[in-house]
Amino acid sequence: RNVPRVCSLETQPTEDCPQGLYGNVFSEAYSEDVCNALTVLDPPTLTNLYCIEAPSGDSGRYSLSDIERIFCTASAAFLAMCHLSSQDGRQAIIHLGYWGCGAYGGNRVLMVLLQLLAAHYTHVSEVVFHHGREGVEPFQEAKSLCAKLVADFSKPNGVPELLNAVHNMEFQWSAGTGE
């Protein structure tokens, strides 16, 4: 809660660092490249930071229990963020990305969809999505699916049916990238 953010690191590809500084590329980067990509924030900004572990990679179709666990993990984190933000008199703004879709091989559309559904059901005020070099298409597909699912399963006790509908879309695990 109220963690000082003292710097910002540009992880996207630039002219100076064409591969960007994400994942394994960051771990192998020269310190000079890291320093060049770093911006000191003065004064620091305060943030309510959440950290959640992505599900470990698998293969084949996602099971219903995988989908439920991912949704519940995201929902618990987002609900905590909403609670902490409201205590500070602020609305929760959640920054999302392709959580678990690098090294773990998560399905980009499914992982974004479950995060968006969790944000909806926990009443997050605003979602900011960072698509990175993977592009915006999986996010747009997930956003469209989310709108349809929320409309179809709007009753308060509709979450189990909603997650079953997501399961019936037969999302498949992807190969991990090692990043």
# chains A, B, ... in the order shown; residues from 1 in each chain; ligands from 1
>>> residues_around(residues="Leu145 (chain A)", least_positions_apart="3", cutoff="10 Å", atoms="only C-alpha atoms", output="ChimeraX atom specification")
/A:109-110,113,116-117,139-142,148-151,166
>>> write_last_selection(atoms="N, CA, C and O atoms", output="tab-separated table (two decimals), in the first residue's frame")
chain	number	residue	atom	x	y	z
A	109	VAL	N	-5.72	-14.65	-25.17
A	109	VAL	CA	-7.13	-14.25	-25.14
A	109	VAL	C	-7.76	-14.68	-23.82
A	109	VAL	O	-8.45	-13.88	-23.16
A	110	LEU	N	-7.56	-15.90	-23.42
A	110	LEU	CA	-8.16	-16.39	-22.18
A	110	LEU	C	-7.66	-15.63	-20.96
A	110	LEU	O	-8.46	-15.22	-20.11
A	113	LEU	N	-9.17	-12.24	-20.97
A	113	LEU	CA	-10.60	-12.38	-20.71
A	113	LEU	C	-10.88	-12.57	-19.22
A	113	LEU	O	-11.74	-11.90	-18.65
A	116	LEU	N	-10.27	-9.37	-17.33
A	116	LEU	CA	-11.33	-8.39	-17.57
A	116	LEU	C	-12.61	-8.77	-16.83
A	116	LEU	O	-13.30	-7.91	-16.26
A	117	LEU	N	-12.94	-10.06	-16.83
A	117	LEU	CA	-14.12	-10.51	-16.08
A	117	LEU	C	-13.93	-10.28	-14.58
A	117	LEU	O	-14.85	-9.81	-13.90
A	139	PHE	N	-6.12	-8.77	-26.96
A	139	PHE	CA	-6.86	-7.94	-26.02
A	139	PHE	C	-8.22	-7.57	-26.59
A	139	PHE	O	-9.24	-7.66	-25.91
A	140	GLN	N	-8.25	-7.16	-27.85
A	140	GLN	CA	-9.52	-6.75	-28.47
A	140	GLN	C	-10.50	-7.92	-28.53
A	140	GLN	O	-11.69	-7.76	-28.27
A	141	GLU	N	-9.99	-9.11	-28.86
A	141	GLU	CA	-10.85	-10.29	-28.89
A	141	GLU	C	-11.40	-10.60	-27.50
A	141	GLU	O	-12.59	-10.88	-27.32
A	142	ALA	N	-10.53	-10.53	-26.49
A	142	ALA	CA	-10.96	-10.79	-25.11
A	142	ALA	C	-11.98	-9.76	-24.64
A	142	ALA	O	-12.96	-10.10	-23.97
A	148	LYS	N	-19.79	-9.71	-24.26
A	148	LYS	CA	-20.86	-10.67	-24.56
A	148	LYS	C	-21.17	-11.54	-23.34
A	148	LYS	O	-22.33	-11.74	-22.99
A	149	LEU	N	-20.14	-12.02	-22.67
A	149	LEU	CA	-20.35	-12.88	-21.50
A	149	LEU	C	-21.03	-12.12	-20.36
A	149	LEU	O	-21.92	-12.65	-19.70
A	150	VAL	N	-20.61	-10.90	-20.12
A	150	VAL	CA	-21.22	-10.10	-19.04
A	150	VAL	C	-22.70	-9.87	-19.34
A	150	VAL	O	-23.55	-9.96	-18.45
A	151	ALA	N	-23.04	-9.60	-20.61
A	151	ALA	CA	-24.43	-9.41	-20.99
A	151	ALA	C	-25.24	-10.70	-20.83
A	151	ALA	O	-26.38	-10.68	-20.36
A	166	VAL	N	-16.98	-20.06	-20.43
A	166	VAL	CA	-15.59	-19.81	-20.85
A	166	VAL	C	-14.90	-21.14	-21.11
A	166	VAL	O	-14.22	-21.30	-22.13
>>> residues_around(residues="Ser75 (chain A)", least_positions_apart="6", cutoff="9 Å", atoms="only C-alpha atoms", output="PyMOL selection string")
chain A and resi 115+117-119+121-122
>>> write_last_selection(atoms="N, CA and C atoms", output="PDB file, in the first residue's frame")
ATOM      1  N   GLN A 115      -8.984 -11.790 -16.678  1.00  0.00           N
ATOM      2  CA  GLN A 115      -8.657 -10.571 -15.940  1.00  0.00           C
ATOM      3  C   GLN A 115      -9.760  -9.523 -16.112  1.00  0.00           C
ATOM      4  N   LEU A 117     -12.941 -10.057 -16.826  1.00  0.00           N
ATOM      5  CA  LEU A 117     -14.116 -10.512 -16.076  1.00  0.00           C
ATOM      6  C   LEU A 117     -13.929 -10.277 -14.581  1.00  0.00           C
ATOM      7  N   ALA A 118     -12.740 -10.567 -14.071  1.00  0.00           N
ATOM      8  CA  ALA A 118     -12.461 -10.325 -12.647  1.00  0.00           C
ATOM      9  C   ALA A 118     -12.578  -8.835 -12.334  1.00  0.00           C
ATOM     10  N   ALA A 119     -12.070  -7.989 -13.212  1.00  0.00           N
ATOM     11  CA  ALA A 119     -12.165  -6.532 -13.005  1.00  0.00           C
ATOM     12  C   ALA A 119     -13.632  -6.102 -12.996  1.00  0.00           C
ATOM     13  N   TYR A 121     -16.360  -7.968 -12.236  1.00  0.00           N
ATOM     14  CA  TYR A 121     -17.090  -8.482 -11.082  1.00  0.00           C
ATOM     15  C   TYR A 121     -16.597  -7.929  -9.743  1.00  0.00           C
ATOM     16  N   THR A 122     -15.422  -7.351  -9.709  1.00  0.00           N
ATOM     17  CA  THR A 122     -14.931  -6.721  -8.474  1.00  0.00           C
ATOM     18  C   THR A 122     -15.088  -5.203  -8.517  1.00  0.00           C
TER      19      THR A 122
END
>>> residues_around(residues="Leu84 (chain A)", least_positions_apart="6", cutoff="12 Å", atoms="only C-alpha atoms", output="ChimeraX atom specification")
/A:1-2,47-50,77-78,90-93,124
>>> write_last_selection(atoms="N, CA and C atoms", output="tab-separated table (two decimals), in the first residue's frame")
chain	number	residue	atom	x	y	z
A	1	ARG	N	0.85	-1.18	0.00
A	1	ARG	CA	0.00	0.00	0.00
A	1	ARG	C	0.89	1.24	0.00
A	2	ASN	N	0.55	2.16	-0.88
A	2	ASN	CA	1.30	3.41	-1.00
A	2	ASN	C	2.80	3.16	-1.16
A	47	THR	N	1.78	4.14	-5.19
A	47	THR	CA	0.89	3.18	-5.84
A	47	THR	C	0.53	2.06	-4.87
A	48	ASN	N	-0.63	1.47	-5.08
A	48	ASN	CA	-1.00	0.24	-4.40
A	48	ASN	C	-0.65	-0.88	-5.37
A	49	LEU	N	0.35	-1.64	-5.03
A	49	LEU	CA	0.93	-2.64	-5.92
A	49	LEU	C	0.41	-4.03	-5.57
A	50	TYR	N	0.04	-4.79	-6.57
A	50	TYR	CA	-0.33	-6.19	-6.34
A	50	TYR	C	0.59	-7.08	-7.15
A	77	ALA	N	-7.02	-10.39	-5.99
A	77	ALA	CA	-6.08	-9.26	-6.08
A	77	ALA	C	-6.82	-7.96	-6.38
A	78	PHE	N	-7.74	-8.00	-7.32
A	78	PHE	CA	-8.44	-6.78	-7.72
A	78	PHE	C	-9.37	-6.29	-6.61
A	90	ARG	N	-9.80	6.88	-3.19
A	90	ARG	CA	-9.55	6.84	-4.64
A	90	ARG	C	-10.31	5.67	-5.26
A	91	GLN	N	-10.44	5.72	-6.58
A	91	GLN	CA	-11.00	4.61	-7.31
A	91	GLN	C	-9.86	3.71	-7.78
A	92	ALA	N	-10.15	2.43	-7.91
A	92	ALA	CA	-9.12	1.47	-8.33
A	92	ALA	C	-8.92	1.54	-9.84
A	93	ILE	N	-7.69	1.76	-10.24
A	93	ILE	CA	-7.29	1.69	-11.64
A	93	ILE	C	-6.28	0.55	-11.72
A	124	VAL	N	-13.81	-2.82	-10.50
A	124	VAL	CA	-12.65	-1.98	-10.77
A	124	VAL	C	-13.14	-0.78	-11.57
>>> atom_distance(atom1="CA of Cys51 (chain A)", atom2="CA of Cys82 (chain A)")
14.5 Å
>>> select_by_dssp(residues="region 6-175 of chain A", states="strand (DSSP E or B)", output="NGL selection string")
:A and (6-9 or 38-47 or 61 or 93-96 or 126-129 or 172)
>>> closest_residue(among="A:Thr39, A:Ser59, A:Ser154, A:Gln12", to="Gln172 (chain A)", atoms="only C-alpha atoms")
A:Ser59
>>> select_by_dssp(residues="region 19-136 of chain A", states="helix (DSSP H, G or I)", output="VMD selection string")
chain A and resid 24 to 27 31 to 36 64 to 87 108 to 121 132 to 134
>>> atom_distance(atom1="CA of His130 (chain A)", atom2="CA of Gly57 (chain A)")
21.5 Å
